[in-house]
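my_file_5.cif follows; it contains mmCIF, C-alpha atoms, pLDDT in the B column; chains and numbers go by the auth columns.
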```cif
data_data
#
loop_
_atom_site.group_PDB
_atom_site.id
_atom_site.type_symbol
_atom_site.label_atom_id
_atom_site.label_comp_id
_atom_site.label_asym_id
_atom_site.label_seq_id
_atom_site.Cartn_x
_atom_site.Cartn_y
_atom_site.Cartn_z
_atom_site.B_iso_or_equiv
_atom_site.auth_seq_id
_atom_site.auth_asym_id
ATOM 1 C CA MET A 1 -13.613 6.847 4.426 81.00 18 C
ATOM 2 C CA SER A 2 -11.847 9.246 6.722 86.00 19 C
ATOM 3 C CA PRO A 3 -9.482 8.361 9.547 88.00 20 C
ATOM 4 C CA THR A 4 -10.588 9.373 13.021 90.00 21 C
ATOM 5 C CA TYR A 5 -10.204 8.295 16.624 91.00 22 C
ATOM 6 C CA THR A 6 -11.816 8.339 20.019 92.00 23 C
ATOM 7 C CA ARG A 7 -10.519 7.945 23.568 94.00 24 C
ATOM 8 C CA LYS A 8 -12.217 5.827 26.197 93.00 25 C
ATOM 9 C CA ALA A 9 -10.783 5.231 29.643 94.00 26 C
ATOM 10 C CA GLY A 10 -7.473 6.737 28.540 92.00 27 C
ATOM 11 C CA ARG A 11 -7.170 4.347 25.593 94.00 28 C
ATOM 12 C CA LEU A 12 -6.963 5.472 21.948 93.00 29 C
ATOM 13 C CA TYR A 13 -9.200 3.753 19.381 93.00 30 C
ATOM 14 C CA ARG A 14 -8.450 4.508 15.720 93.00 31 C
ATOM 15 C CA TYR A 15 -10.946 3.773 12.966 91.00 32 C
ATOM 16 C CA TYR A 16 -12.150 4.895 9.555 91.00 33 C
ATOM 17 C CA VAL A 17 -15.648 6.282 9.142 89.00 34 C
ATOM 18 C CA SER A 18 -17.647 6.436 5.906 85.00 35 C
ATOM 19 C CA GLN A 19 -18.095 9.834 4.237 82.00 36 C
ATOM 20 C CA SER A 20 -21.732 8.937 3.685 81.00 37 C
ATOM 21 C CA VAL A 21 -22.205 8.453 7.424 79.00 38 C
ATOM 22 C CA LEU A 22 -20.501 11.773 8.147 80.00 39 C
ATOM 23 C CA LYS A 23 -22.590 13.707 5.616 86.00 40 C
ATOM 24 C CA HIS A 24 -25.955 11.958 5.716 83.00 41 C
ATOM 25 C CA GLY A 25 -26.168 9.881 8.897 79.00 42 C
ATOM 26 C CA PRO A 26 -25.510 6.280 9.953 79.00 43 C
ATOM 27 C CA GLU A 27 -28.482 4.768 8.113 82.00 44 C
ATOM 28 C CA THR A 28 -27.010 5.688 4.701 80.00 45 C
ATOM 29 C CA CYS A 29 -24.187 3.149 4.648 81.00 46 C
ATOM 30 C CA PRO A 30 -24.000 -0.569 5.461 83.00 47 C
ATOM 31 C CA ILE A 31 -20.370 -0.190 6.592 85.00 48 C
ATOM 32 C CA ARG A 32 -20.317 2.768 8.940 84.00 49 C
ATOM 33 C CA ARG A 33 -16.848 2.407 10.418 86.00 50 C
ATOM 34 C CA VAL A 34 -13.932 0.013 10.330 90.00 51 C
ATOM 35 C CA ALA A 35 -11.199 -0.507 12.918 91.00 52 C
ATOM 36 C CA ALA A 36 -8.028 1.142 11.584 91.00 53 C
ATOM 37 C CA ALA A 37 -5.618 -1.657 12.527 91.00 54 C
ATOM 38 C CA GLU A 38 -7.880 -4.250 10.909 90.00 55 C
ATOM 39 C CA ILE A 39 -8.222 -2.518 7.536 90.00 56 C
ATOM 40 C CA GLU A 40 -4.602 -1.338 7.468 89.00 57 C
ATOM 41 C CA THR A 41 -3.386 -4.905 8.065 89.00 58 C
ATOM 42 C CA ALA A 42 -5.705 -6.214 5.332 88.00 59 C
ATOM 43 C CA VAL A 43 -4.461 -3.577 2.874 88.00 60 C
ATOM 44 C CA VAL A 44 -0.782 -4.276 3.605 88.00 61 C
ATOM 45 C CA ASP A 45 -1.326 -8.046 3.354 87.00 62 C
ATOM 46 C CA GLN A 46 -3.098 -7.692 0.000 86.00 63 C
ATOM 47 C CA LEU A 47 -0.452 -5.244 -1.204 85.00 64 C
ATOM 48 C CA ARG A 48 2.387 -7.620 -0.332 83.00 65 C
ATOM 49 C CA GLY A 49 0.642 -10.422 -2.224 83.00 66 C
ATOM 50 C CA MET A 50 -0.128 -8.230 -5.225 81.00 67 C
ATOM 51 C CA LEU A 51 3.494 -7.145 -5.576 79.00 68 C
ATOM 52 C CA ARG A 52 4.413 -10.775 -6.279 81.00 69 C
ATOM 53 C CA ALA A 53 1.752 -11.214 -8.979 84.00 70 C
ATOM 54 C CA PRO A 54 3.238 -11.660 -12.482 86.00 71 C
ATOM 55 C CA GLU A 55 0.821 -9.182 -14.088 85.00 72 C
ATOM 56 C CA ILE A 56 1.807 -6.478 -11.586 81.00 73 C
ATOM 57 C CA VAL A 57 5.512 -7.182 -12.195 82.00 74 C
ATOM 58 C CA VAL A 58 5.050 -6.819 -15.975 85.00 75 C
ATOM 59 C CA ARG A 59 2.896 -3.683 -15.693 82.00 76 C
ATOM 60 C CA THR A 60 5.398 -2.141 -13.285 79.00 77 C
ATOM 61 C CA TRP A 61 8.308 -3.046 -15.563 82.00 78 C
ATOM 62 C CA ARG A 62 6.611 -1.290 -18.499 82.00 79 C
ATOM 63 C CA VAL A 63 6.108 1.901 -16.497 79.00 80 C
ATOM 64 C CA ALA A 64 9.586 1.704 -14.941 77.00 81 C
ATOM 65 C CA ARG A 65 11.120 1.241 -18.392 79.00 82 C
ATOM 66 C CA GLN A 66 9.467 4.476 -19.526 78.00 83 C
ATOM 67 C CA LEU A 67 10.752 6.313 -16.443 72.00 84 C
ATOM 68 C CA MET A 68 14.213 4.745 -16.123 71.00 85 C
ATOM 69 C CA GLY A 69 14.895 3.380 -19.582 72.00 86 C
ATOM 70 C CA ASP A 70 17.471 0.697 -18.836 77.00 87 C
ATOM 71 C CA ILE A 71 15.609 -1.522 -16.358 79.00 88 C
ATOM 72 C CA LYS A 72 15.019 -5.224 -17.026 83.00 89 C
ATOM 73 C CA GLU A 73 11.936 -7.168 -16.024 84.00 90 C
ATOM 74 C CA ALA A 74 14.109 -9.406 -13.821 85.00 91 C
ATOM 75 C CA ASP A 75 15.347 -6.291 -11.961 81.00 92 C
ATOM 76 C CA VAL A 76 11.768 -5.236 -11.263 79.00 93 C
ATOM 77 C CA ARG A 77 10.825 -8.719 -10.053 82.00 94 C
ATOM 78 C CA GLU A 78 13.899 -8.829 -7.793 82.00 95 C
ATOM 79 C CA ALA A 79 13.246 -5.347 -6.360 79.00 96 C
ATOM 80 C CA LEU A 80 9.637 -6.193 -5.560 78.00 97 C
ATOM 81 C CA LYS A 81 10.782 -9.463 -3.969 80.00 98 C
ATOM 82 C CA GLN A 82 13.212 -7.503 -1.733 78.00 99 C
ATOM 83 C CA LEU A 83 10.415 -5.436 -0.216 79.00 100 C
ATOM 84 C CA ASP A 84 8.555 -8.307 1.446 79.00 101 C
ATOM 85 C CA PRO A 85 11.298 -9.550 3.823 81.00 102 C
ATOM 86 C CA ILE A 86 12.281 -6.029 4.962 83.00 103 C
ATOM 87 C CA TRP A 87 8.730 -4.710 5.445 84.00 104 C
ATOM 88 C CA ASP A 88 8.507 -5.542 9.157 84.00 105 C
ATOM 89 C CA GLU A 89 11.889 -3.887 9.787 89.00 106 C
ATOM 90 C CA LEU A 90 10.798 -0.525 8.333 86.00 107 C
ATOM 91 C CA PHE A 91 9.739 2.325 10.599 91.00 108 C
ATOM 92 C CA PRO A 92 5.952 2.903 10.602 88.00 109 C
ATOM 93 C CA ALA A 93 6.449 6.276 8.879 91.00 110 C
ATOM 94 C CA GLU A 94 8.354 4.578 6.034 87.00 111 C
ATOM 95 C CA GLN A 95 5.690 1.873 5.756 87.00 112 C
ATOM 96 C CA ALA A 96 3.027 4.597 5.530 88.00 113 C
ATOM 97 C CA ARG A 97 5.038 6.448 2.860 87.00 114 C
ATOM 98 C CA ILE A 98 5.301 3.278 0.780 86.00 115 C
ATOM 99 C CA VAL A 99 1.600 2.498 1.111 88.00 116 C
ATOM 100 C CA GLN A 100 0.709 6.060 0.047 88.00 117 C
ATOM 101 C CA LEU A 101 3.122 5.759 -2.873 86.00 118 C
ATOM 102 C CA LEU A 102 1.625 2.448 -4.026 85.00 119 C
ATOM 103 C CA VAL A 103 -2.086 2.695 -3.228 89.00 120 C
ATOM 104 C CA GLU A 104 -4.340 5.004 -5.194 88.00 121 C
ATOM 105 C CA ARG A 105 -7.604 3.944 -3.575 86.00 122 C
ATOM 106 C CA VAL A 106 -9.066 1.387 -1.170 86.00 123 C
ATOM 107 C CA ASP A 107 -12.723 0.452 -1.510 85.00 124 C
ATOM 108 C CA ILE A 108 -14.395 -1.370 1.372 86.00 125 C
ATOM 109 C CA GLY A 109 -17.594 -3.250 0.691 82.00 126 C
ATOM 110 C CA LEU A 110 -19.677 -6.006 2.173 85.00 127 C
ATOM 111 C CA ASP A 111 -17.869 -8.470 -0.099 86.00 128 C
ATOM 112 C CA GLY A 112 -14.328 -7.408 0.886 83.00 129 C
ATOM 113 C CA VAL A 113 -11.577 -4.905 0.182 85.00 130 C
ATOM 114 C CA ALA A 114 -10.473 -3.775 -3.292 85.00 131 C
ATOM 115 C CA ILE A 115 -7.178 -1.964 -3.796 86.00 132 C
ATOM 116 C CA ARG A 116 -6.330 0.189 -6.798 86.00 133 C
ATOM 117 C CA LEU A 117 -2.563 0.459 -7.245 82.00 134 C
ATOM 118 C CA ARG A 118 -0.593 3.447 -8.465 81.00 135 C
ATOM 119 C CA THR A 119 1.725 1.830 -11.063 70.00 136 C
ATOM 120 C CA SER A 120 3.921 4.916 -11.289 71.00 137 C
ATOM 121 C CA GLY A 121 4.326 4.724 -7.516 77.00 138 C
ATOM 122 C CA ILE A 122 5.528 1.150 -7.822 72.00 139 C
ATOM 123 C CA ALA A 123 8.059 2.258 -10.443 69.00 140 C
ATOM 124 C CA SER A 124 9.282 4.971 -8.081 74.00 141 C
ATOM 125 C CA LEU A 125 9.631 2.379 -5.315 73.00 142 C
ATOM 126 C CA ILE A 126 11.635 0.168 -7.691 71.00 143 C
ATOM 127 C CA ALA A 127 14.060 3.045 -8.256 69.00 144 C
ATOM 128 C CA ASP A 128 14.436 3.474 -4.479 70.00 145 C
ATOM 129 C CA LEU A 129 15.022 -0.250 -3.960 66.00 146 C
ATOM 130 C CA ARG A 130 17.590 -0.349 -6.775 63.00 147 C
ATOM 131 C CA MET A 131 19.488 2.521 -5.148 67.00 148 C
ATOM 132 C CA MET A 132 19.441 0.701 -1.796 61.00 149 C
ATOM 133 C CA ALA A 133 20.742 -2.488 -3.409 56.00 150 C
ATOM 134 C CA ALA A 134 23.489 -0.728 -5.424 56.00 151 C
ATOM 135 C CA PRO A 135 25.873 -0.186 -2.444 52.00 152 C
ATOM 136 C CA ARG A 136 25.510 -3.866 -1.497 49.00 153 C
ATOM 137 C CA ARG A 137 26.437 -4.962 -5.019 50.00 154 C
ATOM 138 C CA ALA A 138 29.443 -2.629 -5.077 49.00 155 C
ATOM 139 C CA ALA A 139 30.784 -4.004 -1.777 49.00 156 C
#
```

For the structure just supplied, provide its representation as structure tokens.
Amino acid sequence: MSPTYTRKAGRLYRYYVSQSVLKHGPETCPIRRVAAAEIETAVVDQLRGMLRAPEIVVRTWRVARQLMGDIKEADVREALKQLDPIWDELFPAEQARIVQLLVERVDIGLDGVAIRLRTSGIASLIADLRMMAAPRRAA
């Protein structure tokens, strides 16, 4: 899907439209377009839940260990836990950067939304969160 927008009566409406619809017409896809705010909220909500899942923590720890060497699984779990309470305080541009770092692909179907994570992106986020937490620990 591709992001796009339209204006009606001076108001901006953002949405995502299917590539199939763009290339072959509206009859080629059961989901032609999706409201941007709706799908973005669903993706962020799923992402926040996934980052707490034990299997994601372990997979992230394995990748982070390869990249950073000295990281413990508890450090990864703690860093991922730190993200949730600060999410709403981040600027939209920073939220978008994090989502792009973490999400490889989003598939939208009649049965729901499936997110494919970028594990190396999560490991990179862990490094950022550890750096942010380091000054607090030193103080």

Run the PyMOL selection byres ((chain C and resi 64) around 10) on the file and write out the hits as a PDB file with C-alpha atoms, in the frame of the given file.
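Once written, part_10.pdb looks like this:
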```
ATOM      1  CA  THR C  58      -3.386  -4.905   8.065  1.00 89.00           C
ATOM      2  CA  ALA C  59      -5.705  -6.214   5.332  1.00 88.00           C
ATOM      3  CA  VAL C  60      -4.461  -3.577   2.874  1.00 88.00           C
ATOM      4  CA  VAL C  61      -0.782  -4.276   3.605  1.00 88.00           C
ATOM      5  CA  ASP C  62      -1.326  -8.046   3.354  1.00 87.00           C
ATOM      6  CA  GLN C  63      -3.098  -7.692   0.000  1.00 86.00           C
ATOM      7  CA  ARG C  65       2.387  -7.620  -0.332  1.00 83.00           C
ATOM      8  CA  GLY C  66       0.642 -10.422  -2.224  1.00 83.00           C
ATOM      9  CA  MET C  67      -0.128  -8.230  -5.225  1.00 81.00           C
ATOM     10  CA  LEU C  68       3.494  -7.145  -5.576  1.00 79.00           C
ATOM     11  CA  ARG C  69       4.413 -10.775  -6.279  1.00 81.00           C
ATOM     12  CA  ASP C 101       8.555  -8.307   1.446  1.00 79.00           C
ATOM     13  CA  VAL C 116       1.600   2.498   1.111  1.00 88.00           C
ATOM     14  CA  LEU C 119       1.625   2.448  -4.026  1.00 85.00           C
ATOM     15  CA  VAL C 120      -2.086   2.695  -3.228  1.00 89.00           C
ATOM     16  CA  ILE C 132      -7.178  -1.964  -3.796  1.00 86.00           C
ATOM     17  CA  ARG C 133      -6.330   0.189  -6.798  1.00 86.00           C
ATOM     18  CA  LEU C 134      -2.563   0.459  -7.245  1.00 82.00           C
TER      19      LEU C 134
END
```

First collect every listed atom of range 116-134 of chain C; then fit an axis-aligned box around them, widen it by 5 Å on each side, and give centre and edge lengths in Å to one decimal, as AutoDock Vina command-line options.
```
--center_x -8.3 --center_y -1.2 --center_z -2.5 --size_x 32.8 --size_y 24.5 --size_z 19.4
```

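Around Tyr32 in chain C, within 6 Å and counting all atoms listed in the file, the residues found are Pro20, Thr21, Tyr22, Val51, Ala52 and Ala53 of chain C, once anything fewer than 3 positions away on its own chain is removed.
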
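Restricting the calculation to only C-alpha atoms, the smallest distance between Ile125 in chain C and any of C:Thr45, C:Asp145, C:Tyr33, C:Arg94 is found for C:Tyr33.
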
What gap, in Å, lies between CA of Glu121 in chain C and CA of Arg135 in chain C? 5.2 Å

One decimal place gives the CA of Ser141 in chain C-CA of Phe108 in chain C separation as 18.9 Å

Which residues fall under the PyMOL selection byres ((chain C and resi 99) around 12) in this file, as JSON, numbers by chain? {"C": [65, 68, 69, 92, 93, 94, 95, 96, 97, 98, 100, 101, 102, 103, 104, 142, 143, 145, 146, 147, 149, 150]}

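When CA of Val74 in chain C is paired with CA of Lys89 in chain C, their separation reads 10.8 Å.
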
Which residues, named as in the file, does the PyMOL selection byres ((chain C and resi 35) around 7) pick out? Answer as a PDB file with C-alpha atoms, in the frame of the given file.
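To be explicit, this is the file written out as expr.pdb:
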```
ATOM      1  CA  MET C  18     -13.613   6.847   4.426  1.00 81.00           C
ATOM      2  CA  SER C  19     -11.847   9.246   6.722  1.00 86.00           C
ATOM      3  CA  TYR C  33     -12.150   4.895   9.555  1.00 91.00           C
ATOM      4  CA  VAL C  34     -15.648   6.282   9.142  1.00 89.00           C
ATOM      5  CA  GLN C  36     -18.095   9.834   4.237  1.00 82.00           C
ATOM      6  CA  SER C  37     -21.732   8.937   3.685  1.00 81.00           C
ATOM      7  CA  VAL C  38     -22.205   8.453   7.424  1.00 79.00           C
ATOM      8  CA  LEU C  39     -20.501  11.773   8.147  1.00 80.00           C
ATOM      9  CA  ARG C  49     -20.317   2.768   8.940  1.00 84.00           C
ATOM     10  CA  ARG C  50     -16.848   2.407  10.418  1.00 86.00           C
TER      11      ARG C  50
END
```

What lies within 12 Å of Leu84 in chain C using all atoms listed in the file, ignoring chain neighbours under 4 positions off, as a ChimeraX atom specification? /C:77-80,88,136-144

Create the file for the chosen residues now, containing C-alpha atoms and written as a tab-separated table (two decimals), in the coordinates of the input.
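The result, written out as out_7.tsv:
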```
chain	number	residue	atom	x	y	z
C	77	THR	CA	5.40	-2.14	-13.28
C	78	TRP	CA	8.31	-3.05	-15.56
C	79	ARG	CA	6.61	-1.29	-18.50
C	80	VAL	CA	6.11	1.90	-16.50
C	88	ILE	CA	15.61	-1.52	-16.36
C	136	THR	CA	1.72	1.83	-11.06
C	137	SER	CA	3.92	4.92	-11.29
C	138	GLY	CA	4.33	4.72	-7.52
C	139	ILE	CA	5.53	1.15	-7.82
C	140	ALA	CA	8.06	2.26	-10.44
C	141	SER	CA	9.28	4.97	-8.08
C	142	LEU	CA	9.63	2.38	-5.32
C	143	ILE	CA	11.64	0.17	-7.69
C	144	ALA	CA	14.06	3.04	-8.26
```

From C:Pro47, C:Pro109, C:Gly42, C:Gly86, residue lying nearest Asp128 in chain C [all atoms listed in the file]: C:Pro47

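The shortest atom-to-atom distance to Ala54 in chain C, with all atoms listed in the file taken into account, belongs to C:Leu29 out of C:Leu29, C:Ala70, C:Leu127, C:Val75.
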